[in-house]
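A.B. asks: Input structure: work_23.txt, which contains compact mmCIF, C-alpha atoms and all ligand atoms.
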# COMPACT_ATOMS: atom_id res chain seq x y z
CA MET W 98 0.00 0.00 0.00
CA PRO W 99 1.44 3.39 -0.90
CA ASP W 100 2.02 5.95 1.86
CA ARG W 101 -0.32 8.35 0.14
CA LEU W 102 -2.93 7.65 -2.45
CA ASP W 103 -5.76 9.23 -4.36
CA PRO W 104 -8.86 7.76 -2.70
CA TRP W 105 -11.20 8.57 -5.61
CA ARG W 106 -9.08 6.67 -8.08
CA ALA W 107 -8.59 3.80 -5.63
CA ALA W 108 -12.38 3.56 -5.26
CA GLN W 109 -12.89 3.77 -9.02
CA ALA W 110 -10.60 0.79 -9.44
CA ASP W 111 -12.02 -1.10 -6.42
CA ARG W 112 -8.52 -1.36 -5.01
CA VAL W 113 -7.89 -3.69 -2.09
CA PHE W 114 -4.76 -3.35 0.00
CA SER W 115 -3.62 -5.85 2.59
CA GLY W 116 -0.40 -6.45 4.39
CA THR W 117 1.44 -5.60 7.57
CA VAL W 118 2.92 -2.43 9.06
CA GLU W 119 5.83 -2.30 11.47
CA LEU W 120 5.30 -0.46 14.75
CA ALA W 121 8.19 1.86 13.87
CA ARG W 122 6.07 3.28 11.06
CA LEU W 123 3.24 4.14 13.46
CA PRO W 124 4.92 6.66 15.80
CA ARG W 125 1.79 7.70 17.70
CA LEU W 126 0.96 4.08 18.48
CA ALA W 127 4.59 3.33 19.34
CA GLU W 128 4.39 5.97 22.07
CA ALA W 129 1.28 4.42 23.59
CA VAL W 130 2.38 0.78 23.77
CA ILE W 131 5.32 -1.23 25.09
CA GLY W 132 5.41 -3.08 21.80
CA LEU W 133 3.54 -5.60 19.68
CA ALA W 134 3.15 -9.32 20.27
CA PRO W 135 2.64 -11.73 17.36
CA VAL W 136 -0.86 -11.84 15.89
CA PRO W 137 -2.23 -15.42 15.85
CA GLY W 138 -0.08 -17.37 13.43
CA GLY W 139 1.74 -14.29 12.27
CA VAL W 140 4.28 -11.57 12.87
CA SER W 141 4.61 -8.94 15.57
CA GLU W 142 3.22 -6.30 13.29
CA VAL W 143 -0.08 -4.68 12.50
CA CYS W 144 -2.08 -6.61 9.89
CA TYR W 145 -4.61 -4.76 7.80
CA ARG W 146 -6.97 -5.13 4.90
CA LEU W 147 -8.51 -2.06 3.30
CA ALA W 148 -10.95 -2.20 0.40
CA PHE W 149 -11.85 0.99 -1.48
CA ALA W 150 -15.19 1.18 -3.24
CA ARG W 151 -17.88 3.61 -4.29
CA ASP W 152 -21.23 3.03 -2.61
CA ALA W 153 -24.70 3.54 -4.09
CA LEU W 154 -24.80 7.18 -2.97
CA GLY W 155 -21.49 7.89 -4.68
CA PHE W 156 -19.43 8.04 -1.51
CA VAL W 157 -16.03 6.48 -1.34
CA ARG W 158 -16.11 3.88 1.38
CA VAL W 159 -13.17 2.07 2.85
CA SER W 160 -13.92 -1.16 4.65
CA GLY W 161 -11.65 -3.72 6.15
CA THR W 162 -9.99 -4.87 9.34
CA VAL W 163 -7.05 -3.93 11.50
CA GLN W 164 -5.45 -6.59 13.68
CA ALA W 165 -2.66 -6.36 16.20
CA VAL W 166 -1.71 -7.63 19.64
CA LEU W 167 -0.78 -4.60 21.71
CA ARG W 168 1.54 -4.95 24.72
CA LEU W 169 0.37 -2.43 27.32
CA PRO W 170 1.47 -1.56 30.85
CA CYS W 171 -1.05 -2.96 33.38
CA GLN W 172 -2.08 -0.16 35.72
CA ARG W 173 -2.67 -2.59 38.60
CA CYS W 174 0.39 -4.87 38.75
CA LEU W 175 2.60 -2.64 36.56
CA GLY W 176 3.40 -5.73 34.50
CA GLU W 177 2.59 -6.24 30.88
CA VAL W 178 -0.88 -7.02 29.57
CA GLU W 179 -1.60 -8.08 26.00
CA LEU W 180 -4.61 -6.73 24.18
CA ALA W 181 -5.64 -8.48 20.97
CA VAL W 182 -7.34 -6.03 18.65
CA ASP W 183 -9.35 -7.18 15.67
CA ALA W 184 -11.22 -4.08 14.66
CA PRO W 185 -13.52 -3.71 11.69
CA LEU W 186 -13.04 -0.52 9.75
CA ALA W 187 -15.85 1.20 7.87
CA LEU W 188 -15.01 4.71 6.74
CA GLY W 189 -16.86 7.05 4.46
CA LEU W 190 -14.83 9.80 2.82
CA VAL W 191 -16.53 13.19 2.86
CA ARG W 192 -15.52 16.65 1.68
CA GLY W 193 -17.44 18.57 4.34
CA GLU W 194 -19.96 18.42 7.17
CA GLN W 195 -22.96 18.46 4.83
CA GLN W 196 -21.72 15.31 3.17
CA ALA W 197 -21.02 13.73 6.54
CA GLU W 198 -24.71 14.15 7.44
CA ARG W 199 -25.79 12.26 4.34
CA LEU W 200 -23.38 9.42 5.02
CA GLY W 201 -24.84 6.06 5.99
CA GLU W 202 -24.90 5.45 9.73
CA ASP W 203 -22.72 2.38 9.37
CA LEU W 204 -19.81 4.50 8.19
CA ASP W 205 -17.46 6.71 10.21
CA PRO W 206 -16.90 9.97 8.33
CA VAL W 207 -13.36 10.93 7.37
CA LEU W 208 -12.86 14.46 6.15
CA VAL W 209 -10.72 14.74 3.03
CA GLU W 210 -9.75 17.75 0.96
CA ASP W 211 -10.47 17.87 -2.74
CA ASP W 212 -7.61 16.41 -4.76
CA GLU W 213 -5.58 15.81 -1.62
CA PRO W 214 -4.07 12.36 -1.28
CA VAL W 215 -4.92 10.39 1.88
CA CYS W 216 -2.63 8.41 4.16
CA PRO W 217 -4.47 5.17 4.98
CA ARG W 218 -1.77 4.27 7.50
CA ASP W 219 -3.12 7.11 9.69
CA TRP W 220 -6.54 5.44 9.72
CA ILE W 221 -4.99 2.16 10.79
CA GLU W 222 -3.10 3.93 13.56
CA ASP W 223 -6.21 5.83 14.71
CA GLU W 224 -8.19 2.60 14.91
CA LEU W 225 -5.60 0.97 17.17
CA LEU W 226 -5.27 4.04 19.38
CA LEU W 227 -9.05 4.03 19.84
CA ALA W 228 -8.91 0.40 20.95
CA ILE W 229 -6.59 1.15 23.89
CA PRO W 230 -8.57 1.37 27.14
CA ALA W 231 -8.12 4.44 29.35
CA VAL W 232 -6.77 2.22 32.13
CA PRO W 233 -5.23 -0.96 30.69
CA ARG W 234 -5.36 -3.81 33.23
CA HIS W 235 -5.32 -7.58 33.44
CA ALA W 236 -8.76 -9.15 34.01
CA PRO W 237 -10.00 -8.84 37.62
CA GLY W 238 -8.30 -11.46 39.80
CA ASP W 239 -5.56 -12.14 37.27
CA CYS W 240 -3.03 -9.94 38.98
CA VAL W 241 -2.46 -8.01 42.19
CA ALA W 242 -0.90 -4.66 42.90
CA PRO W 243 2.75 -4.91 43.96
CA ALA W 244 3.27 -4.68 47.75
CA SER W 245 5.25 -1.47 47.67
CA PRO W 246 5.02 0.74 50.79
CA GLU W 247 3.02 3.27 48.81
CA SER W 248 0.39 0.85 47.57
CA VAL W 249 0.10 -0.85 50.99
CA ALA W 250 -0.51 2.55 52.52
CA ALA W 251 -3.14 3.22 49.89
CA ASP W 252 -4.80 -0.15 50.60
CA ASP W 253 -4.81 0.59 54.35
CA ARG W 254 -6.46 3.89 53.74
CA GLU W 255 -9.13 2.19 51.64
CA VAL W 256 -9.76 -0.45 54.34
CA ALA W 257 -9.91 2.25 57.00
CA ALA W 258 -12.37 4.23 54.93
CA ALA W 259 -14.52 1.12 54.48
CA ASP W 260 -14.48 0.50 58.26
CA VAL W 261 -15.60 4.03 58.93
CA ALA W 262 -18.39 3.65 56.43
CA GLU W 263 -19.60 0.43 57.99
CA HIS W 264 -19.18 0.97 61.71
CA ASP W 265 -19.42 4.68 62.30
CA ASN W 266 -22.48 5.10 60.21
CA PRO W 267 -24.83 7.01 62.55
CA PHE W 268 -27.75 4.71 61.79
CA ALA W 269 -25.63 1.63 62.56
CA ILE W 270 -24.70 3.15 65.93
CA LEU W 271 -28.32 4.01 66.60
CA ALA W 272 -29.36 0.44 65.82
CA ARG W 273 -26.74 -0.91 68.26
CA LEU W 274 -27.89 1.44 71.01
CA LYS W 275 -31.54 0.66 70.49
CA SER W 276 -31.51 -3.12 70.30
CA PRO W 277 -30.61 -3.93 73.97
CA GLY W 278 -33.36 -1.61 75.24
CA ARG W 279 -35.92 -3.33 73.10
CA ASP W 280 -35.01 -6.68 74.68
CA GLU W 281 -35.60 -5.29 78.19
CA ASP W 282 -39.07 -4.11 77.28
ZN ZN S 301 -1.78 -6.71 35.92
Could you quickly redo this structure as structure tokens?

C.D. replies:
Amino acid sequence: MPDRLDPWRAAQADRVFSGTVELARLPRLAEAVIGLAPVPGGVSEVCYRLAFARDALGFVRVSGTVQAVLRLPCQRCLGEVELAVDAPLALGLVRGEQQAERLGEDLDPVLVEDDEPVCPRDWIEDELLLAIPAVPRHAPGDCVAPASPESVAADDREVAAADVAEHDNPFAILARLKSPGRDED
């Protein structure tokens, strides 16, 4: 796939591009991940398939998939967590907001300038960046926070706060004070 291409011509010719991209060529993604792990049965790269076509309304649509296994820092155990991404891509190229409104709901609008080439690699990178959770973590129970003094202190504070909530709740105290009296009645 060329770095830059004319999307209108690619759609006219029903071009289909597929292949892999190295992480080094996706600098924004490279900053957000530790690295890439191998995709099932493949390389440690991003695999993509992008098909250009014109739809019934005359829009250029780009559909396909982006696959990668992202290695992310787990925010709980500070170890490494792998995230397998297999994201469908369905873009509709528009020249302005008015066109975007007419676009089918199944397509994500991508604004392009007239006669300007597009860089499909940016779309691939955007899709992977979108797939990264705000707080990457192993599944619950799969890891524990390291027992550093800081995190232990934080845990203690949480436990203490929970105790306060449970025992010093004014209604709980009231209930404890009231129950013996009721027995004497
Ligand atoms: Zn973890």

A.B. asks: With distances taken over all atoms listed in the file, which of W:Ala187, W:Leu208, W:Leu175, W:Ala129 is nearest to W:Ala231?

C.D. replies: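 Closest candidate: W:Ala129.
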
A.B. asks: Which residues sit within 9 Å of ligand ZN 301 (chain S), counting only C-alpha atoms and all ligand atoms, listed as a short mmCIF file (atom, residue, chain, number, x, y, z; two decimals) with C-alpha atoms, in the frame of the given file?

C.D. replies:
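Generated file (result14.cif):
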data_model
loop_
_atom_site.label_atom_id
_atom_site.label_comp_id
_atom_site.auth_asym_id
_atom_site.auth_seq_id
_atom_site.Cartn_x
_atom_site.Cartn_y
_atom_site.Cartn_z
CA PRO W 170 1.47 -1.56 30.85
CA CYS W 171 -1.05 -2.96 33.38
CA GLN W 172 -2.08 -0.16 35.72
CA ARG W 173 -2.67 -2.59 38.60
CA CYS W 174 0.39 -4.87 38.75
CA LEU W 175 2.60 -2.64 36.56
CA GLY W 176 3.40 -5.73 34.50
CA GLU W 177 2.59 -6.24 30.88
CA VAL W 178 -0.88 -7.02 29.57
CA PRO W 233 -5.23 -0.96 30.69
CA ARG W 234 -5.36 -3.81 33.23
CA HIS W 235 -5.32 -7.58 33.44
CA ALA W 236 -8.76 -9.15 34.01
CA PRO W 237 -10.00 -8.84 37.62
CA GLY W 238 -8.30 -11.46 39.80
CA ASP W 239 -5.56 -12.14 37.27
CA CYS W 240 -3.03 -9.94 38.98
CA VAL W 241 -2.46 -8.01 42.19
CA ALA W 242 -0.90 -4.66 42.90
#

A.B. asks: Excluding stretch 157-167 of chain W and residues on its chain fewer than 2 positions from it, collect all residues at most 8 Å away from it, counting all atoms listed in the file, and give them as a ChimeraX atom specification.

C.D. replies: /W:104-105,108,130-136,141-152,155,169,179-191,204,221,224-225

A.B. asks: Next, the residues of the selection above should be written as a PDB file, keeping the file's coordinate frame with C-alpha atoms.

C.D. replies:
ATOM      1  CA  PRO W 104      -8.860   7.760  -2.700  1.00  0.00           C
ATOM      2  CA  TRP W 105     -11.200   8.570  -5.610  1.00  0.00           C
ATOM      3  CA  ALA W 108     -12.380   3.560  -5.260  1.00  0.00           C
ATOM      4  CA  VAL W 130       2.380   0.780  23.770  1.00  0.00           C
ATOM      5  CA  ILE W 131       5.320  -1.230  25.090  1.00  0.00           C
ATOM      6  CA  GLY W 132       5.410  -3.080  21.800  1.00  0.00           C
ATOM      7  CA  LEU W 133       3.540  -5.600  19.680  1.00  0.00           C
ATOM      8  CA  ALA W 134       3.150  -9.320  20.270  1.00  0.00           C
ATOM      9  CA  PRO W 135       2.640 -11.730  17.360  1.00  0.00           C
ATOM     10  CA  VAL W 136      -0.860 -11.840  15.890  1.00  0.00           C
ATOM     11  CA  SER W 141       4.610  -8.940  15.570  1.00  0.00           C
ATOM     12  CA  GLU W 142       3.220  -6.300  13.290  1.00  0.00           C
ATOM     13  CA  VAL W 143      -0.080  -4.680  12.500  1.00  0.00           C
ATOM     14  CA  CYS W 144      -2.080  -6.610   9.890  1.00  0.00           C
ATOM     15  CA  TYR W 145      -4.610  -4.760   7.800  1.00  0.00           C
ATOM     16  CA  ARG W 146      -6.970  -5.130   4.900  1.00  0.00           C
ATOM     17  CA  LEU W 147      -8.510  -2.060   3.300  1.00  0.00           C
ATOM     18  CA  ALA W 148     -10.950  -2.200   0.400  1.00  0.00           C
ATOM     19  CA  PHE W 149     -11.850   0.990  -1.480  1.00  0.00           C
ATOM     20  CA  ALA W 150     -15.190   1.180  -3.240  1.00  0.00           C
ATOM     21  CA  ARG W 151     -17.880   3.610  -4.290  1.00  0.00           C
ATOM     22  CA  ASP W 152     -21.230   3.030  -2.610  1.00  0.00           C
ATOM     23  CA  GLY W 155     -21.490   7.890  -4.680  1.00  0.00           C
ATOM     24  CA  LEU W 169       0.370  -2.430  27.320  1.00  0.00           C
ATOM     25  CA  GLU W 179      -1.600  -8.080  26.000  1.00  0.00           C
ATOM     26  CA  LEU W 180      -4.610  -6.730  24.180  1.00  0.00           C
ATOM     27  CA  ALA W 181      -5.640  -8.480  20.970  1.00  0.00           C
ATOM     28  CA  VAL W 182      -7.340  -6.030  18.650  1.00  0.00           C
ATOM     29  CA  ASP W 183      -9.350  -7.180  15.670  1.00  0.00           C
ATOM     30  CA  ALA W 184     -11.220  -4.080  14.660  1.00  0.00           C
ATOM     31  CA  PRO W 185     -13.520  -3.710  11.690  1.00  0.00           C
ATOM     32  CA  LEU W 186     -13.040  -0.520   9.750  1.00  0.00           C
ATOM     33  CA  ALA W 187     -15.850   1.200   7.870  1.00  0.00           C
ATOM     34  CA  LEU W 188     -15.010   4.710   6.740  1.00  0.00           C
ATOM     35  CA  GLY W 189     -16.860   7.050   4.460  1.00  0.00           C
ATOM     36  CA  LEU W 190     -14.830   9.800   2.820  1.00  0.00           C
ATOM     37  CA  VAL W 191     -16.530  13.190   2.860  1.00  0.00           C
ATOM     38  CA  LEU W 204     -19.810   4.500   8.190  1.00  0.00           C
ATOM     39  CA  ILE W 221      -4.990   2.160  10.790  1.00  0.00           C
ATOM     40  CA  GLU W 224      -8.190   2.600  14.910  1.00  0.00           C
ATOM     41  CA  LEU W 225      -5.600   0.970  17.170  1.00  0.00           C
TER      42      LEU W 225
END

A.B. asks: Find the distance between atom CA of W:Asp211 and atom CA of W:Glu198 and write it in Å to one decimal.

C.D. replies: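 Spanning atom CA of W:Asp211 to atom CA of W:Glu198 is a straight-line distance of 17.9 Å.
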
A.B. asks: One number please: atom CA of W:Ala110 to atom CA of W:Trp220, in Å, one decimal.

C.D. replies: 20.1 Å

A.B. asks: Just add all heavy atoms to stretch 234-245 of chain W and send it as a PDB file, in the frame of the given file.

C.D. replies:
ATOM      1  N   ARG W 234      -5.574  -2.935  32.073  1.00  0.00           N
ATOM      2  CA  ARG W 234      -5.360  -3.810  33.230  1.00  0.00           C
ATOM      3  C   ARG W 234      -5.600  -5.247  32.841  1.00  0.00           C
ATOM      4  O   ARG W 234      -6.366  -5.525  31.921  1.00  0.00           O
ATOM      5  CB  ARG W 234      -6.358  -3.456  34.345  1.00  0.00           C
ATOM      6  CG  ARG W 234      -5.882  -2.357  35.263  1.00  0.00           C
ATOM      7  CD  ARG W 234      -6.886  -2.098  36.343  1.00  0.00           C
ATOM      8  NE  ARG W 234      -8.136  -1.609  35.789  1.00  0.00           N
ATOM      9  CZ  ARG W 234      -9.024  -0.914  36.504  1.00  0.00           C
ATOM     10  NH1 ARG W 234      -8.795  -0.647  37.757  1.00  0.00           N
ATOM     11  NH2 ARG W 234     -10.133  -0.499  35.957  1.00  0.00           N
ATOM     12  N   HIS W 235      -4.965  -6.179  33.586  1.00  0.00           N
ATOM     13  CA  HIS W 235      -5.320  -7.580  33.440  1.00  0.00           C
ATOM     14  C   HIS W 235      -6.776  -7.737  33.900  1.00  0.00           C
ATOM     15  O   HIS W 235      -7.311  -6.876  34.596  1.00  0.00           O
ATOM     16  CB  HIS W 235      -4.416  -8.448  34.326  1.00  0.00           C
ATOM     17  CG  HIS W 235      -3.000  -8.551  33.814  1.00  0.00           C
ATOM     18  ND1 HIS W 235      -1.951  -7.879  34.395  1.00  0.00           N
ATOM     19  CD2 HIS W 235      -2.481  -9.227  32.764  1.00  0.00           C
ATOM     20  CE1 HIS W 235      -0.837  -8.157  33.727  1.00  0.00           C
ATOM     21  NE2 HIS W 235      -1.127  -8.960  32.734  1.00  0.00           N
ATOM     22  N   ALA W 236      -7.385  -8.883  33.570  1.00  0.00           N
ATOM     23  CA  ALA W 236      -8.760  -9.150  34.010  1.00  0.00           C
ATOM     24  C   ALA W 236      -8.783  -9.177  35.537  1.00  0.00           C
ATOM     25  O   ALA W 236      -7.781  -9.523  36.162  1.00  0.00           O
ATOM     26  CB  ALA W 236      -9.238 -10.470  33.434  1.00  0.00           C
ATOM     27  N   PRO W 237      -9.920  -8.821  36.160  1.00  0.00           N
ATOM     28  CA  PRO W 237     -10.000  -8.840  37.620  1.00  0.00           C
ATOM     29  C   PRO W 237      -9.583 -10.199  38.170  1.00  0.00           C
ATOM     30  O   PRO W 237     -10.020 -11.232  37.671  1.00  0.00           O
ATOM     31  CB  PRO W 237     -11.475  -8.555  37.904  1.00  0.00           C
ATOM     32  CG  PRO W 237     -11.976  -7.869  36.686  1.00  0.00           C
ATOM     33  CD  PRO W 237     -11.172  -8.413  35.537  1.00  0.00           C
ATOM     34  N   GLY W 238      -8.741 -10.212  39.204  1.00  0.00           N
ATOM     35  CA  GLY W 238      -8.300 -11.460  39.800  1.00  0.00           C
ATOM     36  C   GLY W 238      -7.076 -12.066  39.144  1.00  0.00           C
ATOM     37  O   GLY W 238      -6.463 -12.986  39.670  1.00  0.00           O
ATOM     38  N   ASP W 239      -6.706 -11.585  37.986  1.00  0.00           N
ATOM     39  CA  ASP W 239      -5.560 -12.140  37.270  1.00  0.00           C
ATOM     40  C   ASP W 239      -4.233 -11.572  37.741  1.00  0.00           C
ATOM     41  O   ASP W 239      -3.180 -12.076  37.380  1.00  0.00           O
ATOM     42  CB  ASP W 239      -5.697 -11.908  35.760  1.00  0.00           C
ATOM     43  CG  ASP W 239      -6.612 -12.930  35.109  1.00  0.00           C
ATOM     44  OD1 ASP W 239      -7.218 -13.720  35.867  1.00  0.00           O
ATOM     45  OD2 ASP W 239      -6.728 -12.940  33.871  1.00  0.00           O
ATOM     46  N   CYS W 240      -4.274 -10.498  38.481  1.00  0.00           N
ATOM     47  CA  CYS W 240      -3.030  -9.940  38.980  1.00  0.00           C
ATOM     48  C   CYS W 240      -3.322  -9.116  40.220  1.00  0.00           C
ATOM     49  O   CYS W 240      -4.474  -8.799  40.513  1.00  0.00           O
ATOM     50  CB  CYS W 240      -2.333  -9.080  37.914  1.00  0.00           C
ATOM     51  SG  CYS W 240      -3.158  -7.518  37.577  1.00  0.00           S
ATOM     52  N   VAL W 241      -2.280  -8.833  40.983  1.00  0.00           N
ATOM     53  CA  VAL W 241      -2.460  -8.010  42.190  1.00  0.00           C
ATOM     54  C   VAL W 241      -1.470  -6.855  42.140  1.00  0.00           C
ATOM     55  O   VAL W 241      -0.427  -6.939  41.487  1.00  0.00           O
ATOM     56  CB  VAL W 241      -2.224  -8.826  43.484  1.00  0.00           C
ATOM     57  CG1 VAL W 241      -3.338  -9.814  43.695  1.00  0.00           C
ATOM     58  CG2 VAL W 241      -0.870  -9.502  43.450  1.00  0.00           C
ATOM     59  N   ALA W 242      -1.797  -5.812  42.850  1.00  0.00           N
ATOM     60  CA  ALA W 242      -0.900  -4.660  42.900  1.00  0.00           C
ATOM     61  C   ALA W 242       0.357  -5.058  43.659  1.00  0.00           C
ATOM     62  O   ALA W 242       0.291  -5.838  44.609  1.00  0.00           O
ATOM     63  CB  ALA W 242      -1.602  -3.503  43.592  1.00  0.00           C
ATOM     64  N   PRO W 243       1.507  -4.574  43.248  1.00  0.00           N
ATOM     65  CA  PRO W 243       2.750  -4.910  43.960  1.00  0.00           C
ATOM     66  C   PRO W 243       2.687  -4.344  45.379  1.00  0.00           C
ATOM     67  O   PRO W 243       2.076  -3.312  45.623  1.00  0.00           O
ATOM     68  CB  PRO W 243       3.830  -4.223  43.125  1.00  0.00           C
ATOM     69  CG  PRO W 243       3.129  -3.156  42.349  1.00  0.00           C
ATOM     70  CD  PRO W 243       1.723  -3.633  42.144  1.00  0.00           C
ATOM     71  N   ALA W 244       3.344  -5.080  46.339  1.00  0.00           N
ATOM     72  CA  ALA W 244       3.270  -4.680  47.750  1.00  0.00           C
ATOM     73  C   ALA W 244       4.337  -3.638  48.074  1.00  0.00           C
ATOM     74  O   ALA W 244       5.161  -3.818  48.945  1.00  0.00           O
ATOM     75  CB  ALA W 244       3.420  -5.899  48.640  1.00  0.00           C
ATOM     76  N   SER W 245       4.304  -2.543  47.359  1.00  0.00           N
ATOM     77  CA  SER W 245       5.250  -1.470  47.670  1.00  0.00           C
ATOM     78  C   SER W 245       4.684  -0.684  48.845  1.00  0.00           C
ATOM     79  O   SER W 245       3.468  -0.711  49.081  1.00  0.00           O
ATOM     80  CB  SER W 245       5.403  -0.554  46.465  1.00  0.00           C
ATOM     81  OG  SER W 245       4.238   0.191  46.268  1.00  0.00           O
TER      82      SER W 245
END
